[in-house]
file my_file.cif (mmCIF, C-alpha atoms)
data_entry
loop_
_atom_site.group_PDB
_atom_site.id
_atom_site.type_symbol
_atom_site.label_atom_id
_atom_site.label_comp_id
_atom_site.auth_asym_id
_atom_site.auth_seq_id
_atom_site.Cartn_x
_atom_site.Cartn_y
_atom_site.Cartn_z
ATOM 1 C CA MET A 280 -79.002 -50.655 -50.497
ATOM 2 C CA SER A 281 -79.228 -51.123 -54.238
ATOM 3 C CA GLY A 282 -76.256 -52.130 -56.341
ATOM 4 C CA GLY A 283 -76.174 -48.678 -57.987
ATOM 5 C CA ASP A 284 -75.796 -47.019 -54.565
ATOM 6 C CA ALA A 285 -72.949 -49.222 -53.468
ATOM 7 C CA GLN A 286 -69.630 -47.452 -53.157
ATOM 8 C CA VAL A 287 -66.964 -48.575 -55.599
ATOM 9 C CA GLN A 288 -63.910 -49.790 -53.713
ATOM 10 C CA PRO A 289 -60.531 -48.663 -55.150
ATOM 11 C CA ARG A 290 -58.538 -51.455 -56.650
ATOM 12 C CA ARG A 291 -55.406 -52.236 -54.726
ATOM 13 C CA SER A 292 -52.121 -53.088 -56.326
ATOM 14 C CA GLY A 293 -50.952 -56.625 -55.919
ATOM 15 C CA LEU A 294 -47.508 -55.509 -54.663
ATOM 16 C CA THR A 295 -46.711 -53.852 -51.366
ATOM 17 C CA ARG A 296 -44.463 -50.799 -51.182
ATOM 18 C CA ARG A 297 -41.616 -52.896 -49.857
ATOM 19 C CA GLN A 298 -42.003 -55.376 -52.708
ATOM 20 C CA LYS A 299 -41.946 -52.521 -55.220
ATOM 21 C CA ARG A 300 -38.705 -51.193 -53.739
ATOM 22 C CA THR A 301 -37.160 -54.645 -53.845
ATOM 23 C CA LEU A 302 -38.242 -55.099 -57.453
ATOM 24 C CA SER A 303 -36.855 -51.679 -58.436
ATOM 25 C CA ARG A 304 -33.550 -52.396 -56.713
ATOM 26 C CA GLY A 305 -33.305 -55.753 -58.436
ATOM 27 C CA ALA A 306 -33.933 -54.151 -61.817
ATOM 28 C CA GLN A 307 -31.136 -51.665 -61.180
ATOM 29 C CA TYR A 308 -28.736 -54.485 -60.305
ATOM 30 C CA VAL A 309 -29.686 -56.290 -63.496
ATOM 31 C CA LEU A 310 -29.042 -53.168 -65.582
ATOM 32 C CA PHE A 311 -25.687 -52.644 -63.865
ATOM 33 C CA VAL A 312 -24.572 -56.221 -64.480
ATOM 34 C CA ALA A 313 -25.758 -55.983 -68.093
ATOM 35 C CA ALA A 314 -23.748 -52.786 -68.614
ATOM 36 C CA VAL A 315 -20.619 -54.398 -67.137
ATOM 37 C CA ILE A 316 -21.027 -57.462 -69.341
ATOM 38 C CA ALA A 317 -21.598 -55.300 -72.430
ATOM 39 C CA PHE A 318 -18.430 -53.328 -71.679
ATOM 40 C CA ALA A 319 -16.419 -56.502 -71.069
ATOM 41 C CA VAL A 320 -17.614 -58.069 -74.306
ATOM 42 C CA THR A 321 -17.281 -55.052 -76.610
ATOM 43 C CA ALA A 322 -14.037 -53.514 -75.261
ATOM 44 C CA ASP A 323 -10.824 -54.160 -77.174
ATOM 45 C CA TRP A 324 -8.765 -55.462 -74.265
ATOM 46 C CA GLY A 325 -5.701 -56.013 -76.404
ATOM 47 C CA ARG A 326 -5.458 -52.356 -77.400
ATOM 48 C CA LEU A 327 -6.194 -51.235 -73.843
ATOM 49 C CA LYS A 328 -3.418 -53.461 -72.533
ATOM 50 C CA ASN A 329 -0.950 -52.151 -75.107
ATOM 51 C CA GLN A 330 -1.775 -48.537 -74.274
ATOM 52 C CA PHE A 331 -2.226 -48.667 -70.485
ATOM 53 C CA ALA A 332 -0.517 -51.795 -69.155
ATOM 54 C CA GLN A 333 3.061 -51.960 -70.385
ATOM 55 C CA TRP A 334 4.812 -53.499 -67.392
ATOM 56 C CA ASP A 335 8.276 -52.615 -68.632
ATOM 57 C CA LEU A 336 7.262 -48.943 -68.471
ATOM 58 C CA VAL A 337 5.822 -49.469 -65.003
ATOM 59 C CA ARG A 338 9.120 -50.890 -63.801
ATOM 60 C CA GLN A 339 10.944 -47.999 -65.463
ATOM 61 C CA MET A 340 8.949 -45.487 -63.400
ATOM 62 C CA PHE A 341 10.046 -46.927 -60.054
ATOM 63 C CA PRO A 342 11.356 -45.774 -57.666
ATOM 64 C CA ASP A 343 11.276 -42.200 -59.054
ATOM 65 C CA VAL A 344 7.492 -42.094 -59.218
ATOM 66 C CA ILE A 345 7.460 -42.519 -55.422
ATOM 67 C CA THR A 346 10.704 -40.949 -54.227
ATOM 68 C CA LEU A 347 10.446 -37.926 -56.548
ATOM 69 C CA ALA A 348 6.968 -37.352 -58.025
ATOM 70 C CA LEU A 349 4.797 -38.504 -55.132
ATOM 71 C CA LYS A 350 7.122 -36.894 -52.596
ATOM 72 C CA ASN A 351 6.914 -33.542 -54.392
ATOM 73 C CA THR A 352 3.134 -33.822 -54.681
ATOM 74 C CA VAL A 353 2.824 -34.384 -50.940
ATOM 75 C CA LEU A 354 5.210 -31.498 -50.181
ATOM 76 C CA TYR A 355 3.299 -29.141 -52.479
ATOM 77 C CA THR A 356 -0.002 -30.183 -50.935
ATOM 78 C CA MET A 357 1.074 -29.857 -47.310
ATOM 79 C CA SER A 358 2.786 -26.495 -47.837
ATOM 80 C CA GLY A 359 -0.298 -25.147 -49.616
ATOM 81 C CA PHE A 360 -2.554 -26.515 -46.880
ATOM 82 C CA VAL A 361 -0.515 -24.811 -44.124
ATOM 83 C CA VAL A 362 -0.517 -21.461 -45.958
ATOM 84 C CA GLY A 363 -4.240 -21.795 -46.689
ATOM 85 C CA LEU A 364 -5.059 -22.727 -43.106
ATOM 86 C CA VAL A 365 -3.185 -19.759 -41.616
ATOM 87 C CA LEU A 366 -4.555 -17.310 -44.174
ATOM 88 C CA GLY A 367 -8.036 -18.824 -43.908
ATOM 89 C CA MET A 368 -8.018 -18.354 -40.129
ATOM 90 C CA VAL A 369 -7.092 -14.686 -40.520
ATOM 91 C CA ILE A 370 -9.800 -14.128 -43.127
ATOM 92 C CA ALA A 371 -12.400 -15.956 -41.033
ATOM 93 C CA LEU A 372 -11.662 -13.716 -38.038
ATOM 94 C CA MET A 373 -11.819 -10.658 -40.290
ATOM 95 C CA ARG A 374 -15.166 -11.897 -41.586
ATOM 96 C CA LEU A 375 -16.471 -12.044 -38.009
ATOM 97 C CA SER A 376 -14.908 -8.746 -36.964
ATOM 98 C CA PRO A 377 -17.170 -5.896 -35.829
ATOM 99 C CA VAL A 378 -14.951 -3.555 -37.884
ATOM 100 C CA GLY A 379 -16.663 -2.972 -41.210
ATOM 101 C CA PRO A 380 -13.588 -2.630 -43.501
ATOM 102 C CA TYR A 381 -12.218 -5.944 -42.223
ATOM 103 C CA ARG A 382 -15.479 -7.696 -43.104
ATOM 104 C CA TRP A 383 -15.592 -6.055 -46.535
ATOM 105 C CA VAL A 384 -12.017 -7.016 -47.411
ATOM 106 C CA ALA A 385 -12.568 -10.603 -46.242
ATOM 107 C CA GLY A 386 -15.841 -10.863 -48.157
ATOM 108 C CA ILE A 387 -14.278 -9.547 -51.382
ATOM 109 C CA TYR A 388 -11.319 -11.927 -51.046
ATOM 110 C CA ILE A 389 -13.592 -14.923 -50.533
ATOM 111 C CA GLU A 390 -15.834 -14.084 -53.472
ATOM 112 C CA ILE A 391 -12.907 -13.493 -55.835
ATOM 113 C CA PHE A 392 -10.799 -16.523 -54.973
ATOM 114 C CA ARG A 393 -13.758 -18.890 -54.762
ATOM 115 C CA GLY A 394 -14.931 -17.719 -58.186
ATOM 116 C CA LEU A 395 -11.620 -17.897 -60.058
ATOM 117 C CA PRO A 396 -10.328 -21.230 -61.429
ATOM 118 C CA ALA A 397 -7.251 -22.512 -59.619
ATOM 119 C CA LEU A 398 -5.338 -22.477 -62.929
ATOM 120 C CA LEU A 399 -5.668 -18.676 -63.146
ATOM 121 C CA ILE A 400 -4.291 -18.330 -59.614
ATOM 122 C CA PHE A 401 -1.218 -20.354 -60.616
ATOM 123 C CA VAL A 402 -0.736 -18.176 -63.700
ATOM 124 C CA PHE A 403 -1.133 -15.063 -61.544
ATOM 125 C CA VAL A 404 1.508 -16.242 -59.064
ATOM 126 C CA GLY A 405 3.909 -17.412 -61.770
ATOM 127 C CA VAL A 406 3.549 -14.494 -64.183
ATOM 128 C CA ALA A 407 1.767 -11.481 -62.671
ATOM 129 C CA VAL A 408 3.664 -11.334 -59.381
ATOM 130 C CA PRO A 409 7.149 -11.163 -61.011
ATOM 131 C CA LEU A 410 5.859 -8.511 -63.438
ATOM 132 C CA ALA A 411 4.290 -6.446 -60.665
ATOM 133 C CA PHE A 412 7.336 -6.655 -58.396
ATOM 134 C CA PRO A 413 10.469 -6.819 -60.610
ATOM 135 C CA GLY A 414 13.448 -8.387 -58.919
ATOM 136 C CA THR A 415 11.328 -9.888 -56.152
ATOM 137 C CA GLU A 416 11.635 -13.631 -55.614
ATOM 138 C CA ILE A 417 9.084 -15.689 -53.723
ATOM 139 C CA PRO A 418 10.975 -17.553 -50.962
ATOM 140 C CA GLY A 419 11.375 -21.254 -51.635
ATOM 141 C CA GLY A 420 11.450 -21.053 -55.431
ATOM 142 C CA THR A 421 8.909 -23.352 -57.064
ATOM 143 C CA TYR A 422 7.890 -24.814 -53.718
ATOM 144 C CA GLY A 423 7.156 -21.321 -52.417
ATOM 145 C CA LYS A 424 5.154 -20.411 -55.522
ATOM 146 C CA VAL A 425 3.074 -23.573 -55.276
ATOM 147 C CA ALA A 426 2.494 -23.055 -51.553
ATOM 148 C CA LEU A 427 1.332 -19.490 -52.229
ATOM 149 C CA ALA A 428 -0.905 -20.442 -55.152
ATOM 150 C CA LEU A 429 -2.538 -23.379 -53.375
ATOM 151 C CA GLY A 430 -2.795 -21.335 -50.187
ATOM 152 C CA LEU A 431 -4.590 -18.483 -51.952
ATOM 153 C CA VAL A 432 -7.040 -20.927 -53.521
ATOM 154 C CA SER A 433 -7.763 -22.947 -50.393
ATOM 155 C CA ALA A 434 -7.844 -20.015 -47.948
ATOM 156 C CA ALA A 435 -11.138 -18.735 -49.369
ATOM 157 C CA TYR A 436 -12.832 -22.096 -48.755
ATOM 158 C CA MET A 437 -11.149 -22.701 -45.410
ATOM 159 C CA ALA A 438 -12.132 -19.221 -44.201
ATOM 160 C CA GLU A 439 -15.816 -19.956 -44.722
ATOM 161 C CA THR A 440 -15.447 -23.388 -43.130
ATOM 162 C CA ILE A 441 -13.673 -21.982 -40.074
ATOM 163 C CA ARG A 442 -16.158 -19.119 -39.785
ATOM 164 C CA ALA A 443 -19.031 -21.603 -39.789
ATOM 165 C CA GLY A 444 -17.249 -23.666 -37.134
ATOM 166 C CA ILE A 445 -16.737 -20.646 -34.883
ATOM 167 C CA GLN A 446 -20.376 -19.639 -35.238
ATOM 168 C CA ALA A 447 -21.433 -23.209 -34.438
ATOM 169 C CA VAL A 448 -19.864 -22.996 -30.962
ATOM 170 C CA PRO A 449 -22.638 -22.099 -28.478
ATOM 171 C CA LYS A 450 -22.610 -18.419 -27.541
ATOM 172 C CA GLY A 451 -22.734 -19.447 -23.886
ATOM 173 C CA GLN A 452 -19.108 -20.561 -24.165
ATOM 174 C CA MET A 453 -17.963 -17.010 -24.831
ATOM 175 C CA GLU A 454 -20.255 -15.584 -22.172
ATOM 176 C CA ALA A 455 -18.933 -18.061 -19.592
ATOM 177 C CA ALA A 456 -15.325 -17.237 -20.506
ATOM 178 C CA ARG A 457 -15.939 -13.501 -20.218
ATOM 179 C CA SER A 458 -17.610 -13.986 -16.835
ATOM 180 C CA LEU A 459 -14.432 -15.731 -15.650
ATOM 181 C CA GLY A 460 -12.348 -12.705 -16.576
ATOM 182 C CA PHE A 461 -11.103 -13.776 -20.008
ATOM 183 C CA SER A 462 -10.634 -11.060 -22.606
ATOM 184 C CA HIS A 463 -12.431 -11.542 -25.921
ATOM 185 C CA ALA A 464 -9.174 -12.400 -27.716
ATOM 186 C CA ARG A 465 -8.045 -14.866 -25.049
ATOM 187 C CA ALA A 466 -11.457 -16.524 -24.987
ATOM 188 C CA MET A 467 -11.343 -16.941 -28.764
ATOM 189 C CA VAL A 468 -7.845 -18.450 -28.722
ATOM 190 C CA SER A 469 -8.263 -20.667 -25.642
ATOM 191 C CA ILE A 470 -11.905 -21.755 -25.825
ATOM 192 C CA ILE A 471 -13.817 -20.909 -29.006
ATOM 193 C CA ILE A 472 -11.298 -21.698 -31.745
ATOM 194 C CA PRO A 473 -10.258 -25.135 -30.332
ATOM 195 C CA GLN A 474 -13.919 -26.167 -30.190
ATOM 196 C CA ALA A 475 -14.489 -24.802 -33.689
ATOM 197 C CA PHE A 476 -11.609 -26.839 -35.080
ATOM 198 C CA ARG A 477 -13.061 -30.041 -33.653
ATOM 199 C CA ILE A 478 -16.196 -29.245 -35.630
ATOM 200 C CA VAL A 479 -14.476 -28.380 -38.915
ATOM 201 C CA ILE A 480 -11.837 -31.137 -39.029
ATOM 202 C CA PRO A 481 -13.873 -33.279 -41.505
ATOM 203 C CA PRO A 482 -14.377 -30.508 -44.105
ATOM 204 C CA LEU A 483 -10.780 -29.353 -43.688
ATOM 205 C CA THR A 484 -9.591 -32.900 -44.351
ATOM 206 C CA ASN A 485 -11.771 -32.947 -47.447
ATOM 207 C CA GLU A 486 -10.113 -29.698 -48.547
ATOM 208 C CA LEU A 487 -6.751 -31.448 -48.164
ATOM 209 C CA VAL A 488 -7.925 -34.095 -50.649
ATOM 210 C CA LEU A 489 -8.902 -31.380 -53.133
ATOM 211 C CA LEU A 490 -5.557 -29.645 -52.708
ATOM 212 C CA PHE A 491 -3.732 -32.902 -53.364
ATOM 213 C CA LYS A 492 -5.380 -33.061 -56.780
ATOM 214 C CA ASP A 493 -4.970 -29.332 -57.488
ATOM 215 C CA SER A 494 -1.220 -29.693 -56.963
ATOM 216 C CA SER A 495 -1.112 -31.088 -60.524
ATOM 217 C CA LEU A 496 -1.398 -27.474 -61.756
ATOM 218 C CA VAL A 497 2.222 -26.899 -60.747
ATOM 219 C CA LEU A 498 3.239 -27.820 -64.298
ATOM 220 C CA PHE A 499 2.019 -24.367 -65.422
ATOM 221 C CA LEU A 500 4.745 -22.740 -63.308
ATOM 222 C CA GLY A 501 7.528 -24.387 -65.284
ATOM 223 C CA VAL A 502 9.313 -26.905 -63.077
ATOM 224 C CA THR A 503 12.658 -28.634 -63.328
ATOM 225 C CA LEU A 504 13.062 -32.407 -63.558
ATOM 226 C CA GLU A 505 13.658 -32.595 -59.812
ATOM 227 C CA GLU A 506 10.545 -30.516 -59.037
ATOM 228 C CA ARG A 507 8.034 -32.555 -61.043
ATOM 229 C CA GLU A 508 4.905 -33.862 -59.340
ATOM 230 C CA LEU A 509 2.865 -36.907 -60.333
ATOM 231 C CA THR A 510 0.963 -35.473 -63.288
ATOM 232 C CA LYS A 511 4.003 -33.788 -64.847
ATOM 233 C CA PHE A 512 6.114 -36.890 -64.228
ATOM 234 C CA GLY A 513 3.549 -39.147 -65.892
ATOM 235 C CA ARG A 514 2.948 -36.817 -68.845
ATOM 236 C CA ASP A 515 6.653 -36.444 -69.579
ATOM 237 C CA LEU A 516 7.245 -40.178 -69.646
ATOM 238 C CA ALA A 517 4.050 -40.752 -71.659
ATOM 239 C CA SER A 518 5.273 -38.252 -74.271
ATOM 240 C CA GLN A 519 8.688 -39.915 -74.453
ATOM 241 C CA THR A 520 7.269 -43.412 -74.863
ATOM 242 C CA ALA A 521 4.065 -42.581 -76.814
ATOM 243 C CA ASN A 522 2.188 -44.712 -74.296
ATOM 244 C CA SER A 523 -0.388 -43.888 -71.604
ATOM 245 C CA THR A 524 0.828 -46.387 -69.018
ATOM 246 C CA PRO A 525 2.779 -43.714 -67.041
ATOM 247 C CA ILE A 526 -0.367 -41.583 -66.751
ATOM 248 C CA LEU A 527 -2.296 -44.553 -65.400
ATOM 249 C CA VAL A 528 0.430 -45.265 -62.830
ATOM 250 C CA ALA A 529 0.421 -41.597 -61.784
ATOM 251 C CA GLY A 530 -3.354 -41.790 -61.334
ATOM 252 C CA LEU A 531 -3.013 -44.871 -59.151
ATOM 253 C CA CYS A 532 -0.470 -43.019 -57.000
ATOM 254 C CA TYR A 533 -3.039 -40.270 -56.461
ATOM 255 C CA LEU A 534 -5.516 -42.917 -55.328
ATOM 256 C CA LEU A 535 -2.973 -44.303 -52.850
ATOM 257 C CA VAL A 536 -3.357 -41.025 -50.954
ATOM 258 C CA THR A 537 -6.892 -39.819 -51.733
ATOM 259 C CA ILE A 538 -8.699 -43.077 -50.917
ATOM 260 C CA PRO A 539 -7.264 -43.355 -47.351
ATOM 261 C CA LEU A 540 -7.905 -39.630 -46.841
ATOM 262 C CA GLY A 541 -11.483 -40.089 -48.038
ATOM 263 C CA PHE A 542 -11.919 -42.918 -45.540
ATOM 264 C CA VAL A 543 -10.583 -40.649 -42.780
ATOM 265 C CA VAL A 544 -13.072 -37.934 -43.789
ATOM 266 C CA ARG A 545 -16.000 -40.359 -43.593
ATOM 267 C CA ARG A 546 -14.878 -41.633 -40.207
ATOM 268 C CA LEU A 547 -14.505 -38.120 -38.840
ATOM 269 C CA GLU A 548 -17.928 -37.132 -40.191
ATOM 270 C CA ALA A 549 -19.470 -40.222 -38.608
ATOM 271 C CA LYS A 550 -17.883 -39.425 -35.242
ATOM 272 C CA ALA A 551 -19.026 -35.820 -35.504
ATOM 273 C CA GLY A 552 -22.542 -37.019 -36.251
ATOM 274 C CA GLU A 553 -22.526 -39.344 -33.240
ATOM 275 C CA ALA A 554 -21.287 -36.536 -30.997
ATOM 276 C CA THR A 555 -24.212 -34.290 -31.964
ATOM 277 C CA LYS A 556 -26.864 -36.928 -31.186
#

call {"tool": "encode", "arguments": {"input": "my_file.cif", "output": "C-alpha cells"}}
result
Amino acid sequence: MSGGDAQVQPRRSGLTRRQKRTLSRGAQYVLFVAAVIAFAVTADWGRLKNQFAQWDLVRQMFPDVITLALKNTVLYTMSGFVVGLVLGMVIALMRLSPVGPYRWVAGIYIEIFRGLPALLIFVFVGVAVPLAFPGTEIPGGTYGKVALALGLVSAAYMAETIRAGIQAVPKGQMEAARSLGFSHARAMVSIIIPQAFRIVIPPLTNELVLLFKDSSLVLFLGVTLEERELTKFGRDLASQTANSTPILVAGLCYLLVTIPLGFVVRRLEAKAGEATK
C-alpha cells in the first residue's frame, strides 16, 4: 500500500480523561486560594473589626439575645410550622379529593400563596384582617398573628409536599387495607398518611429551616420590646449604637439553629435514599 493510501491516524492527547479532571480540579483550588489571599490582603480589617466585632456590644446583648430574641424566634417558627402543617394536610387532602370544588379551592390557594411574597402575607394579616373584620382580634396577639401568617405561607408548600408523599405510597397499600375491611378514611389515617409522612420528613424539615428565617418578617407587624425576634432585636441595638455588631451576632444565632437543622435534613435524606435502594 502506497504512502498516499495509508490512513491518517488521529492524534491522541497526551493526557488521559482522569488526568484532565485532576488538572481542572487543581486549577479551581488554585483560583480559590488566590481569591482568599486577595481578599485577606486587600480587606481593611481594622474597619471591619470596628464595625462588626465590638466585644463590649456583644456582651451587652447577652443574655437577652438568647432568652428573649432567640426564644421568640423559635416560638414564632414552631407555632407557624404547626399551623402550616395542619392547614397543609387539609389542603393536600382537598387536592386529592374526588370532589371537584375541593380540588379547585385547594389548587387556587396553593397557586396564590406560593406566588405571593411572605412579606405581603404578613401585611395582609396585620392590616387587612383587622380592616375586614373590625373589632375582631386574632387569638394570641402578636404570636397568633405570626403563627397565622407563617402558617398561611408554609401551608401551600407543605400541602404539595404532603400530596406528593401520599401519592408516593404504593396503591397496593390502600387496596390491601380496603380488602381487610377498612373504610377509605380509616385506611388513609391509619396506613397511608403515616407512610407518607416518613417519606416527606426531610422536605418538611427543610421547610422548618425556611420558616425560621421568614420569622424575621414579624417586625412588619409592629412588636413590643418583649416580642422582638432576632432580626428586630439586632436592628434596634444596631440603630442605638450606630454599629453592625448586633446584626452579626443575630445572624450567628440564626446559624446556631439552621446549621444543625440542615445537618438533620441531609441525614434524613440520606436515610431515605438508602431505604429506597

call {"tool": "resolve_selection", "arguments": {"input": "my_file.cif", "expression": "the PyMOL selection byres ((chain A and resi 399-411) around 12)", "output": "NGL selection string"}}
result
:A and (391-398 or 412-417 or 420-433 or 493-502)

call {"tool": "closest_residue", "arguments": {"input": "my_file.cif", "among": "A:Asn329, A:Gln307, A:Ile478, A:Val312", "to": "Gln446 in chain A", "atoms": "all atoms listed in the file"}}
result
A:Ile478

call {"tool": "axis_aligned_box", "arguments": {"input": "my_file.cif", "around": "range 436-450 of chain A", "padding_each_side": "4 Å", "output": "AutoDock Vina command-line options"}}
result
--center_x -16.9 --center_y -21.0 --center_z -38.1 --size_x 19.5 --size_y 13.2 --size_z 29.2

call {"tool": "residues_around", "arguments": {"input": "my_file.cif", "residues": "Ala456 in chain A", "least_positions_apart": "2", "cutoff": "12 Å", "atoms": "only C-alpha atoms", "output": "count of residues only"}}
result
20

call {"tool": "atom_distance", "arguments": {"input": "my_file.cif", "atom1": "CA of Leu490 in chain A", "atom2": "CA of Asn522 in chain A"}}
result
27.4 Å

call {"tool": "atom_distance", "arguments": {"input": "my_file.cif", "atom1": "CA of Ile316 in chain A", "atom2": "CA of Pro525 in chain A"}}
result
27.6 Å

call {"tool": "closest_residue", "arguments": {"input": "my_file.cif", "among": "A:Ser376, A:Asn485, A:Thr346, A:Gln474", "to": "Phe512 in chain A", "atoms": "only C-alpha atoms"}}
result
A:Thr346

call {"tool": "resolve_selection", "arguments": {"input": "my_file.cif", "expression": "the PyMOL selection byres ((chain A and resi 530-546) around 8)", "output": "list in words"}}
result
Leu349, Pro481, Pro482, Thr484, Asn485, Val488, Phe491, Lys492, Leu509, Thr510, Ile526, Leu527, Val528, Ala529, Leu547, Glu548, Ala549 and Lys550 of chain A

call {"tool": "residues_around", "arguments": {"input": "my_file.cif", "residues": "Leu327 in chain A", "least_positions_apart": "3", "cutoff": "12 Å", "atoms": "all atoms listed in the file", "output": "ChimeraX atom specification"}}
result
/A:319,322-324,330-333,522-524,527

call {"tool": "atom_distance", "arguments": {"input": "my_file.cif", "atom1": "CA of Tyr436 in chain A", "atom2": "CA of Phe476 in chain A"}}
result
14.5 Å

call {"tool": "closest_residue", "arguments": {"input": "my_file.cif", "among": "A:Met357, A:Leu336, A:Val365, A:Ala438", "to": "Gly386 in chain A", "atoms": "only C-alpha atoms"}}
result
A:Ala438

call {"tool": "residues_near_point", "arguments": {"input": "my_file.cif", "point": "(-14.0, -18.5, -44.3)", "cutoff": "9 Å", "atoms": "all atoms listed in the file", "output": "PyMOL selection string"}}
result
chain A and resi 367-372+374+385-386+389+434-443

call {"tool": "residues_near_point", "arguments": {"input": "my_file.cif", "point": "(8.5, -32.4, -57.0)", "cutoff": "7 Å", "atoms": "all atoms listed in the file", "output": "list in words"}}
result
Leu347, Ala348, Lys350, Asn351, Thr352, Glu505, Glu506, Arg507 and Glu508 of chain A

call {"tool": "decode", "arguments": {"input": "my_file.cif", "residues": "range 325-339 of chain A", "atoms": "C-alpha atoms", "output": "compact mmCIF listing (two decimals), in the first residue's frame"}}
result
# COMPACT_ATOMS: atom_id res chain seq x y z
CA GLY A 325 -9.42 47.42 61.12
CA ARG A 326 -12.63 48.97 59.81
CA LEU A 327 -14.34 45.58 59.69
CA LYS A 328 -13.39 44.94 63.30
CA ASN A 329 -14.67 48.35 64.40
CA GLN A 330 -17.99 47.84 62.62
CA PHE A 331 -18.68 44.14 63.25
CA ALA A 332 -16.60 42.99 66.22
CA GLN A 333 -17.16 45.29 69.18
CA TRP A 334 -16.97 42.84 72.08
CA ASP A 335 -18.47 45.27 74.57
CA LEU A 336 -21.62 45.33 72.42
CA VAL A 337 -21.58 41.55 72.22
CA ARG A 338 -21.50 41.29 75.99
CA GLN A 339 -24.29 43.87 76.20
